[in-house]
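Undergrad: Supplied structure: upload15.tsv, TSV, C-alpha atoms.
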```tsv
chain	number	residue	atom	x	y	z
A	25	MET	CA	104.82	52.26	25.37
A	26	SER	CA	102.60	52.32	22.31
A	27	PHE	CA	102.95	56.11	22.02
A	28	PHE	CA	106.71	56.19	22.54
A	29	PRO	CA	107.87	56.24	18.83
A	30	TYR	CA	105.57	59.19	18.11
A	31	ALA	CA	106.90	61.06	21.15
A	32	VAL	CA	110.42	60.43	19.84
A	33	ALA	CA	109.40	61.84	16.43
A	34	ALA	CA	108.00	65.00	18.08
A	35	TRP	CA	111.21	65.35	20.09
A	36	VAL	CA	113.35	64.91	16.93
A	37	VAL	CA	111.35	67.68	15.17
A	38	LEU	CA	111.84	70.06	18.09
A	39	ILE	CA	115.53	69.32	18.69
A	40	GLY	CA	116.18	69.83	14.94
A	41	LEU	CA	114.29	73.13	14.96
A	42	TYR	CA	116.24	74.21	18.03
A	43	GLY	CA	119.42	73.50	16.08
A	44	ILE	CA	118.18	75.57	13.13
A	45	VAL	CA	117.18	78.49	15.34
A	46	THR	CA	120.46	78.63	17.25
A	47	SER	CA	122.73	77.62	14.37
A	48	ARG	CA	125.93	79.60	13.79
A	49	ASN	CA	127.01	77.64	10.73
A	50	LEU	CA	125.12	77.06	7.48
A	51	ILE	CA	126.35	73.46	7.11
A	52	HIS	CA	125.21	72.71	10.66
A	53	LEU	CA	121.89	74.34	9.79
A	54	VAL	CA	121.39	72.07	6.76
A	55	MET	CA	122.19	69.02	8.91
A	56	CYS	CA	119.62	70.19	11.49
A	57	LEU	CA	117.03	70.37	8.73
A	58	SER	CA	117.87	66.72	7.89
A	59	VAL	CA	117.26	65.88	11.56
A	60	VAL	CA	113.82	67.53	11.40
A	61	GLN	CA	113.04	65.57	8.28
A	62	SER	CA	114.13	62.25	9.75
A	63	ALA	CA	111.19	62.58	12.15
A	64	SER	CA	108.91	61.96	9.17
A	65	TYR	CA	110.65	58.62	8.53
A	66	LEU	CA	109.95	57.66	12.14
A	67	VAL	CA	106.27	58.60	11.91
A	68	LEU	CA	105.77	56.80	8.59
A	69	LEU	CA	107.46	53.59	9.71
A	70	SER	CA	105.73	53.65	13.10
A	71	ILE	CA	102.29	53.89	11.48
A	72	GLY	CA	102.99	50.78	9.40
A	73	TYR	CA	104.51	48.73	12.22
A	74	LYS	CA	102.74	45.64	13.45
A	75	ASP	CA	103.62	43.65	16.56
A	76	ASP	CA	105.32	40.30	15.86
A	77	ALA	CA	105.47	40.92	12.12
A	78	GLN	CA	108.43	40.69	9.77
A	79	ALA	CA	109.65	42.89	6.92
A	80	PRO	CA	107.43	42.74	3.81
A	81	ILE	CA	109.94	40.55	1.97
A	82	PHE	CA	108.77	37.03	1.10
A	83	ALA	CA	111.94	35.69	-0.51
A	84	ASP	CA	112.43	32.89	2.02
A	85	VAL	CA	109.29	32.80	4.19
A	86	PRO	CA	105.77	31.51	3.43
A	87	LEU	CA	103.30	34.05	2.06
A	88	SER	CA	101.05	33.72	5.11
A	89	THR	CA	103.71	35.21	7.43
A	90	PRO	CA	102.45	38.46	8.97
A	91	ALA	CA	104.39	41.45	7.64
A	92	VAL	CA	104.41	45.19	8.28
A	93	ASP	CA	102.91	47.72	5.84
A	94	PRO	CA	105.04	48.01	2.65
A	95	VAL	CA	103.28	51.20	1.49
A	96	VAL	CA	104.71	53.45	4.20
A	97	GLN	CA	108.14	51.89	3.64
A	98	ALA	CA	107.92	52.82	-0.04
A	99	LEU	CA	106.86	56.32	0.99
A	100	THR	CA	109.87	56.50	3.31
A	101	LEU	CA	112.13	55.76	0.33
A	102	THR	CA	110.59	58.71	-1.51
A	103	ASP	CA	111.03	60.78	1.63
A	104	VAL	CA	114.73	59.88	1.83
A	105	VAL	CA	115.29	60.81	-1.83
A	106	VAL	CA	113.52	64.16	-1.38
A	107	GLY	CA	115.58	64.78	1.77
A	108	VAL	CA	118.81	64.12	-0.10
A	109	THR	CA	117.90	66.48	-2.93
A	110	VAL	CA	116.97	69.28	-0.51
A	111	THR	CA	120.23	68.76	1.41
A	112	ALA	CA	122.28	68.84	-1.80
A	113	LEU	CA	120.66	72.05	-3.04
A	114	LEU	CA	121.03	73.79	0.33
A	115	LEU	CA	124.67	72.74	0.61
A	116	ALA	CA	125.30	74.18	-2.86
A	117	LEU	CA	123.69	77.43	-1.68
A	118	ALA	CA	125.92	77.35	1.42
A	119	VAL	CA	128.99	77.02	-0.82
A	120	GLN	CA	127.90	80.06	-2.82
A	121	ALA	CA	127.03	82.05	0.33
A	122	HIS	CA	130.50	81.33	1.67
A	123	LYS	CA	132.03	82.57	-1.59
A	124	ARG	CA	130.07	85.80	-1.48
A	125	TYR	CA	130.28	86.68	2.23
A	126	GLU	CA	133.38	84.68	3.24
A	127	THR	CA	131.51	83.38	6.26
A	128	LEU	CA	129.18	80.49	7.05
A	129	ASP	CA	127.61	82.20	10.05
A	130	PRO	CA	123.97	83.05	9.25
A	131	GLU	CA	124.23	85.98	11.70
A	132	ASP	CA	126.73	87.67	9.38
A	133	LEU	CA	124.64	87.22	6.24
A	134	ARG	CA	123.41	90.74	5.66
A	135	PRO	CA	122.15	92.05	2.33
A	136	ARG	CA	125.21	93.46	0.63
A	137	ARG	CA	124.73	96.74	-1.12
A	138	ARG	CA	125.30	96.52	-4.86
A	139	ARG	CA	128.19	98.52	-6.20
B	23	MET	CA	116.53	89.97	16.13
B	24	SER	CA	119.10	89.10	18.74
B	25	PRO	CA	119.88	85.40	19.36
B	26	ARG	CA	118.37	85.75	22.83
B	27	THR	CA	115.04	87.08	21.57
B	28	ARG	CA	114.98	84.48	18.86
B	29	LEU	CA	115.45	81.71	21.41
B	30	ARG	CA	112.60	83.11	23.51
B	31	VAL	CA	110.31	83.18	20.47
B	32	PHE	CA	111.36	79.63	19.67
B	33	VAL	CA	110.63	78.35	23.17
B	34	VAL	CA	107.07	79.70	22.98
B	35	ALA	CA	106.51	78.52	19.41
B	36	GLY	CA	108.20	75.16	20.09
B	37	ALA	CA	105.99	74.48	23.09
B	38	GLY	CA	102.94	75.21	20.97
B	39	LEU	CA	104.22	73.00	18.14
B	40	LEU	CA	105.00	70.17	20.59
B	41	GLY	CA	101.45	70.34	21.92
B	42	LEU	CA	99.97	70.26	18.42
B	43	LEU	CA	102.26	67.39	17.33
B	44	LEU	CA	101.41	65.26	20.37
B	45	TRP	CA	97.72	66.04	19.94
B	46	GLY	CA	97.91	64.97	16.29
B	47	PHE	CA	99.96	61.84	17.02
B	48	ALA	CA	97.48	60.84	19.73
B	49	GLY	CA	94.91	60.32	16.98
B	50	LEU	CA	97.12	57.83	15.12
B	51	PRO	CA	96.74	54.08	15.61
B	52	ASP	CA	98.80	52.76	18.52
B	53	PHE	CA	102.34	51.70	17.67
B	54	GLY	CA	102.31	48.01	16.76
B	55	HIS	CA	98.59	48.00	15.95
B	56	TYR	CA	98.57	48.72	12.22
B	57	ALA	CA	95.09	49.80	11.15
B	58	GLY	CA	95.04	50.43	7.39
B	59	PRO	CA	93.93	47.68	5.01
B	60	TYR	CA	96.28	48.46	2.09
B	61	GLY	CA	99.48	47.01	3.50
B	62	ASP	CA	97.81	43.72	4.43
B	63	ILE	CA	96.12	43.44	1.04
B	64	LEU	CA	99.38	44.12	-0.81
B	65	ASN	CA	101.29	41.62	1.33
B	66	ARG	CA	98.71	38.99	0.41
B	67	VAL	CA	98.38	39.63	-3.34
B	68	ALA	CA	101.61	41.26	-4.54
B	69	VAL	CA	103.70	38.11	-4.88
B	70	HIS	CA	101.00	36.42	-6.99
B	71	GLU	CA	100.20	39.52	-9.02
B	72	ARG	CA	103.69	40.86	-9.66
B	73	SER	CA	106.08	37.94	-8.93
B	74	SER	CA	108.14	40.30	-6.78
B	75	THR	CA	109.06	38.90	-3.37
B	76	ASP	CA	110.10	42.36	-2.14
B	77	ILE	CA	106.73	44.07	-1.71
B	78	VAL	CA	108.31	47.49	-1.13
B	79	THR	CA	109.88	47.31	-4.59
B	80	ALA	CA	106.60	46.05	-6.06
B	81	VAL	CA	104.89	49.12	-4.59
B	82	ASN	CA	107.59	51.50	-5.75
B	83	PHE	CA	108.10	50.20	-9.26
B	84	ASP	CA	104.66	48.86	-10.10
B	85	TYR	CA	101.68	49.84	-7.95
B	86	ARG	CA	102.84	53.42	-7.64
B	87	ALA	CA	105.53	53.48	-10.32
B	88	PHE	CA	104.21	56.78	-11.64
B	89	ASP	CA	105.09	58.45	-8.32
B	90	THR	CA	108.54	56.90	-8.47
B	91	LEU	CA	108.99	58.32	-11.97
B	92	ILE	CA	108.25	61.80	-10.60
B	93	GLU	CA	110.56	61.08	-7.66
B	94	GLU	CA	113.33	60.14	-10.06
B	95	PHE	CA	112.82	63.45	-11.84
B	96	ILE	CA	112.92	65.33	-8.54
B	97	LEU	CA	116.42	63.90	-8.19
B	98	PHE	CA	117.17	64.80	-11.80
B	99	ALA	CA	116.05	68.38	-11.22
B	100	ALA	CA	118.15	68.60	-8.04
B	101	VAL	CA	121.25	67.44	-9.93
B	102	ILE	CA	120.63	70.16	-12.52
B	103	GLY	CA	120.03	72.64	-9.68
B	104	VAL	CA	123.31	71.76	-7.94
B	105	ALA	CA	125.17	71.97	-11.26
B	106	SER	CA	123.76	75.40	-12.05
B	107	LEU	CA	124.27	76.73	-8.50
B	108	LEU	CA	127.90	75.60	-8.52
B	109	ARG	CA	128.67	76.72	-12.08
B	110	ALA	CA	131.78	78.78	-12.64
B	111	LEU	CA	131.01	82.37	-11.68
B	112	ARG	CA	132.55	85.54	-13.06
B	113	GLY	CA	136.14	85.88	-11.97
B	114	GLU	CA	136.53	82.22	-11.10
B	115	HIS	CA	138.97	79.82	-12.61
B	116	SER	CA	140.09	76.32	-11.78
B	117	ALA	CA	143.56	75.40	-10.66
B	118	ARG	CA	145.28	72.33	-9.33
B	119	PRO	CA	144.13	71.51	-5.80
B	120	ASP	CA	147.33	72.75	-4.16
B	121	ASP	CA	147.33	74.53	-0.84
B	122	ASP	CA	147.72	78.27	-1.38
B	123	VAL	CA	148.85	79.10	2.14
B	124	PRO	CA	152.66	78.96	2.24
B	125	GLY	CA	154.24	77.16	5.14
B	126	ARG	CA	151.14	75.26	6.25
B	127	HIS	CA	151.78	71.61	6.83
B	128	VAL	CA	149.13	69.52	5.11
B	129	PRO	CA	149.33	65.87	6.16
B	130	GLU	CA	149.34	63.31	3.39
B	131	THR	CA	146.49	60.81	3.26
B	132	SER	CA	147.71	57.87	5.29
B	133	LEU	CA	148.66	54.67	3.53
B	134	ALA	CA	146.06	52.76	5.56
B	135	VAL	CA	143.23	54.96	4.23
B	136	ARG	CA	144.54	54.77	0.67
B	137	LEU	CA	144.89	50.99	0.79
B	138	ALA	CA	141.54	50.36	2.50
B	139	GLY	CA	139.80	52.63	-0.01
B	140	LEU	CA	141.44	50.90	-2.94
B	141	VAL	CA	140.59	47.43	-1.63
B	142	LEU	CA	136.97	48.43	-1.00
B	143	VAL	CA	136.28	49.85	-4.49
B	144	GLY	CA	135.71	46.44	-6.10
B	145	PRO	CA	133.47	44.94	-3.39
B	146	THR	CA	131.46	48.18	-3.12
B	147	VAL	CA	130.72	48.25	-6.84
B	148	LEU	CA	129.83	44.53	-6.70
B	149	ILE	CA	127.44	45.06	-3.77
B	150	GLY	CA	125.91	48.05	-5.60
B	151	LEU	CA	125.27	45.96	-8.73
B	152	TYR	CA	123.87	43.12	-6.60
B	153	VAL	CA	121.49	45.44	-4.75
B	154	VAL	CA	120.28	46.97	-8.05
B	155	ALA	CA	119.84	43.59	-9.76
B	156	HIS	CA	118.03	41.85	-6.87
B	157	GLY	CA	115.72	44.71	-5.93
B	158	HIS	CA	112.61	42.68	-6.77
B	159	GLN	CA	113.66	39.72	-4.60
B	160	THR	CA	115.42	41.02	-1.50
B	161	PRO	CA	115.72	44.47	0.11
B	162	GLY	CA	117.26	46.91	-2.31
B	163	GLY	CA	116.56	48.41	-5.69
B	164	GLY	CA	117.72	51.12	-8.03
B	165	PHE	CA	117.85	53.99	-5.53
B	166	GLN	CA	119.76	52.11	-2.84
B	167	GLY	CA	122.11	50.33	-5.27
B	168	GLY	CA	122.73	53.52	-7.23
B	169	VAL	CA	123.92	55.32	-4.10
B	170	ILE	CA	126.23	52.38	-3.25
B	171	LEU	CA	127.66	52.50	-6.79
B	172	ALA	CA	128.30	56.24	-6.48
B	173	SER	CA	130.10	55.68	-3.17
B	174	GLY	CA	132.31	53.19	-4.99
B	175	LEU	CA	133.44	56.10	-7.15
B	176	LEU	CA	133.85	58.28	-4.06
B	177	LEU	CA	136.24	55.68	-2.62
B	178	THR	CA	138.65	56.42	-5.47
B	179	TYR	CA	138.67	60.04	-4.25
B	180	LEU	CA	139.44	58.82	-0.75
B	181	SER	CA	142.27	56.53	-1.82
B	182	ALA	CA	143.76	58.85	-4.47
B	183	ASP	CA	142.62	62.41	-5.19
B	184	TYR	CA	139.97	64.39	-7.01
B	185	LEU	CA	141.69	64.35	-10.38
B	186	THR	CA	142.03	60.56	-10.25
B	187	MET	CA	138.35	60.29	-9.41
B	188	ARG	CA	137.52	62.36	-12.48
B	189	ARG	CA	139.67	60.04	-14.60
B	190	VAL	CA	137.82	56.95	-13.26
B	191	GLY	CA	134.42	58.56	-13.61
B	192	PRO	CA	134.74	61.32	-16.22
B	193	THR	CA	131.93	63.83	-16.70
B	194	TRP	CA	130.74	62.34	-19.98
B	195	LEU	CA	130.33	58.93	-18.31
B	196	VAL	CA	128.31	60.08	-15.29
B	197	GLU	CA	126.23	62.42	-17.46
B	198	THR	CA	125.48	59.59	-19.88
B	199	ALA	CA	124.54	57.26	-17.02
B	200	GLU	CA	122.23	59.88	-15.51
B	201	GLY	CA	120.60	60.72	-18.85
B	202	LEU	CA	120.26	57.12	-20.07
B	203	GLY	CA	118.83	55.99	-16.74
B	204	ALA	CA	116.22	58.74	-16.56
B	205	ALA	CA	115.27	58.33	-20.23
B	206	GLY	CA	115.20	54.54	-19.87
B	207	PHE	CA	112.73	54.72	-16.99
B	208	VAL	CA	110.40	56.89	-19.09
B	209	LEU	CA	110.81	54.55	-22.09
B	210	ILE	CA	109.90	51.54	-19.92
B	211	ALA	CA	106.73	53.34	-18.87
B	212	VAL	CA	105.92	54.28	-22.47
B	213	GLY	CA	106.68	50.68	-23.51
B	214	GLY	CA	103.92	49.55	-21.16
B	215	LEU	CA	101.63	52.13	-22.74
B	216	VAL	CA	102.37	50.91	-26.26
B	217	GLY	CA	102.42	47.17	-25.47
B	218	GLY	CA	99.78	46.91	-22.77
B	219	GLY	CA	97.58	49.96	-23.12
B	220	ALA	CA	98.55	51.62	-19.82
B	221	PHE	CA	101.50	53.64	-18.56
B	222	PHE	CA	103.89	51.24	-16.74
B	223	GLN	CA	101.78	48.20	-17.73
B	224	ASN	CA	103.86	45.11	-16.97
B	225	VAL	CA	104.14	43.73	-20.50
B	226	LEU	CA	106.91	41.17	-19.89
B	227	GLY	CA	106.23	37.71	-18.49
B	228	LYS	CA	105.96	37.47	-14.72
B	229	GLY	CA	108.29	34.47	-14.34
B	230	THR	CA	108.74	32.47	-11.14
B	231	PRO	CA	108.78	34.54	-7.94
B	232	GLY	CA	112.22	34.54	-6.34
B	233	THR	CA	114.25	34.06	-9.50
B	234	LEU	CA	116.37	36.79	-11.06
B	235	PRO	CA	114.50	37.09	-14.38
B	236	SER	CA	111.02	37.60	-12.93
B	237	ALA	CA	108.58	40.36	-12.03
B	238	GLY	CA	108.36	41.67	-15.59
B	239	LEU	CA	109.41	45.30	-15.96
B	240	ILE	CA	110.42	45.80	-12.31
B	241	PRO	CA	114.08	44.66	-12.68
B	242	LEU	CA	114.45	46.79	-15.81
B	243	SER	CA	113.04	49.81	-13.97
B	244	ASN	CA	115.45	49.13	-11.12
B	245	LEU	CA	118.33	48.94	-13.57
B	246	SER	CA	117.56	52.27	-15.22
B	247	VAL	CA	116.88	53.99	-11.89
B	248	GLY	CA	120.15	52.54	-10.56
B	249	LEU	CA	121.95	53.98	-13.58
B	250	ALA	CA	120.29	57.38	-13.14
B	251	VAL	CA	120.88	57.55	-9.38
B	252	SER	CA	124.52	56.45	-9.54
B	253	GLY	CA	125.16	58.95	-12.35
B	254	GLY	CA	123.30	61.73	-10.56
B	255	PHE	CA	125.06	61.20	-7.24
B	256	ALA	CA	128.46	60.86	-8.88
B	257	TYR	CA	127.79	64.11	-10.73
B	258	MET	CA	126.72	65.96	-7.57
B	259	LEU	CA	129.74	64.67	-5.62
B	260	ALA	CA	132.05	65.75	-8.44
B	261	GLU	CA	130.43	69.20	-8.54
B	262	PHE	CA	131.01	69.72	-4.81
B	263	LEU	CA	134.59	68.43	-4.95
B	264	GLN	CA	135.24	70.61	-8.00
B	265	GLN	CA	134.76	73.60	-5.68
B	266	THR	CA	138.07	72.78	-3.98
B	267	LEU	CA	139.75	73.64	-7.28
B	268	VAL	CA	138.06	77.00	-7.71
B	269	ARG	CA	140.26	80.09	-7.39
B	270	ARG	CA	138.91	83.62	-7.27
B	271	GLY	CA	141.63	86.06	-8.15
B	272	GLN	CA	139.49	88.87	-9.47
B	273	ALA	CA	136.60	88.81	-7.00
B	274	ARG	CA	138.86	89.19	-3.97
B	275	GLY	CA	140.55	92.25	-5.41
B	276	ARG	CA	137.25	93.88	-6.22
B	277	ARG	CA	135.89	93.45	-2.72
B	278	ARG	CA	138.71	95.44	-1.10
B	279	LYS	CA	137.49	98.57	-2.87
B	280	GLY	CA	134.03	98.18	-1.33
B	281	PRO	CA	132.76	99.95	1.79
```
What does this structure look like when you write it as structure tokens?

TA:
Amino acid sequence: MSFFPYAVAAWVVLIGLYGIVTSRNLIHLVMCLSVVQSASYLVLLSIGYKDDAQAPIFADVPLSTPAVDPVVQALTLTDVVVGVTVTALLLALAVQAHKRYETLDPEDLRPRRRR
Amino acid sequence: MSPRTRLRVFVVAGAGLLGLLLWGFAGLPDFGHYAGPYGDILNRVAVHERSSTDIVTAVNFDYRAFDTLIEEFILFAAVIGVASLLRALRGEHSARPDDDVPGRHVPETSLAVRLAGLVLVGPTVLIGLYVVAHGHQTPGGGFQGGVILASGLLLTYLSADYLTMRRVGPTWLVETAEGLGAAGFVLIAVGGLVGGGAFFQNVLGKGTPGTLPSAGLIPLSNLSVGLAVSGGFAYMLAEFLQQTLVRRGQARGRRRKGP
């Protein structure tokens, strides 16, 4: 079972990409991209995980308690923030695309000839 | 490319990607058998060195605070990006958020939702402040608490409407919070440079680990990041909700003349 979390991460990447490839709605597409990105959280946290260890918080436990890697958890926080910013920017672009083409279906987004 | 062809291309490419991913992951340490030394070293020394009992916060706001500063400015840039993407375009004007389609029945927000939202505003803001203030002791910090604070503002939208939300959190307030927070974080870093000779040097006393005034500059950094994140998120939410008010009289008429 020691490989299982990584297999899940690979599956999450692929299922998200499948969603992006087959998407018929820009909002759905942005959410699929978030799914792809969440695989990176899984990989990061899995690398830092240690059997029988607690969270790296020593507020109420002795300092000798084994704890998982705090560095990858900090990186995951950065990852989440970057994910949110990308999602926000893409959703703003989806709003503007809907204004211009009156559709959210990526299939209908064709270059519109300038008047 | 037709959807069918695209799916075929994806199946081939996806199979290749899956193989590469699994091959790459196979080289990682087994799950549960952490290999790197850094996490163990930090867990051993961080509480003594930084007086922060939450090691993740100590990493974020001290050991690699410079990265977090850049991260904070990624968020700042994204807020500016959303604001400029959603700016008022030619031929757009704002109107009250009334339904333009005559005869469509729009259900009112139920009393249960309104009441629950209203009741939750206070506790949500309190939890947000708690999470920001105790980031160096227990799980939390400026990013997490800032998002909770912004959702407190969003609850006023849920329990009333957009215009009420703008009255509770007007643009000048969220802009000031965002700007002050981002500037404050930089000033804290520069303060370390002036007082201690290095960017983000912890110049304040360390205090006793586990108490609220401890860990030197970390709680102050959390506070300013919390301010910036809550302001930034509130601003982005307001920008998206503002779009429900946008009317395009002119643009629609122009399109009909097109091919």

Undergrad: Could you jot down the CA of Pro25 (chain B) to CA of Ile44 (chain A) separation for me, Å, one decimal place?

TA: 11.8 Å

Undergrad: With a cut-off of 7 Å, could you pull out the residues of chain B touching chain A and give me the nearest pair of atoms for each, distance in Å to one decimal, using all atoms listed in the file, ordered by chain and ascending number, as a Markdown table?

TA:
```
| residue | atom | partner | partner_atom | distance |
| --- | --- | --- | --- | --- |
| B:Gly36 | CA | A:Leu38 | CA | 6.6 |
| B:Leu40 | CA | A:Ala34 | CA | 6.5 |
| B:Leu43 | CA | A:Ala34 | CA | 6.3 |
| B:Leu44 | CA | A:Ala31 | CA | 7.0 |
| B:Phe47 | CA | A:Tyr30 | CA | 6.3 |
| B:Pro51 | CA | A:Ile71 | CA | 6.9 |
| B:Asp52 | CA | A:Ser26 | CA | 5.4 |
| B:Phe53 | CA | A:Ser26 | CA | 4.7 |
| B:Gly54 | CA | A:Lys74 | CA | 4.1 |
| B:His55 | CA | A:Lys74 | CA | 5.4 |
| B:Tyr56 | CA | A:Lys74 | CA | 5.3 |
| B:Gly61 | CA | A:Asp93 | CA | 4.2 |
| B:Asp62 | CA | A:Asp93 | CA | 6.6 |
| B:Asn65 | CA | A:Pro80 | CA | 6.7 |
| B:Arg66 | CA | A:Leu87 | CA | 6.9 |
| B:Thr75 | CA | A:Phe82 | CA | 4.9 |
| B:Asp76 | CA | A:Ile81 | CA | 4.5 |
| B:Ile77 | CA | A:Pro80 | CA | 5.7 |
| B:Val78 | CA | A:Pro94 | CA | 5.0 |
| B:Val81 | CA | A:Ala98 | CA | 6.6 |
| B:Asn82 | CA | A:Ala98 | CA | 5.9 |
| B:Glu93 | CA | A:Thr102 | CA | 6.6 |
| B:Leu97 | CA | A:Thr109 | CA | 6.0 |
| B:Ala100 | CA | A:Thr109 | CA | 5.5 |
| B:Gly103 | CA | A:Leu113 | CA | 6.7 |
| B:Val104 | CA | A:Leu113 | CA | 5.6 |
| B:Leu107 | CA | A:Ala116 | CA | 6.3 |
| B:Leu108 | CA | A:Ala116 | CA | 6.4 |
| B:Gln159 | CA | A:Ala83 | CA | 6.0 |
| B:Thr160 | CA | A:Ala83 | CA | 6.4 |
| B:Gly232 | CA | A:Ala83 | CA | 5.9 |
```

Undergrad: How far is it from CA of Val101 (chain B) to CA of Leu180 (chain B), in Å with one decimal?

TA: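 Taking CA of Val101 (chain B) as the start and CA of Leu180 (chain B) as the end point, the length is 22.1 Å.
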
Undergrad: Could you please determine the separation between CA of Ala237 (chain B) and CA of Ser73 (chain B) in Å, to one decimal place?

TA: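 Here the two named atoms are 4.7 Å from each other.
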
Undergrad: Tell me which of B:Ala80, B:Ala48, B:Ala204, B:Val141 sits closest to Ile240 (chain B), counting all atoms listed in the file.

TA: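 The shortest atom-to-atom distance to Ile240 (chain B) comes from B:Ala80.
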
Undergrad: With 4 Å on each side, where is the centre of the axis-aligned box around all listed atoms of region 36-52 of chain A, and how long are its edges in Å to one decimal, as lines of an AutoDock Vina configuration file?

TA:
```
center_x = 119.2
center_y = 72.3
center_z = 12.9
size_x = 23.7
size_y = 22.7
size_z = 19.6
```

Undergrad: Out of B:Val123, B:Gln265, B:His115, B:Trp194, which residue has the shortest atom-to-atom distance to His122 (chain A) when counting only C-alpha atoms?

TA: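 For His122 (chain A), the nearest of the given residues is B:Gln265.
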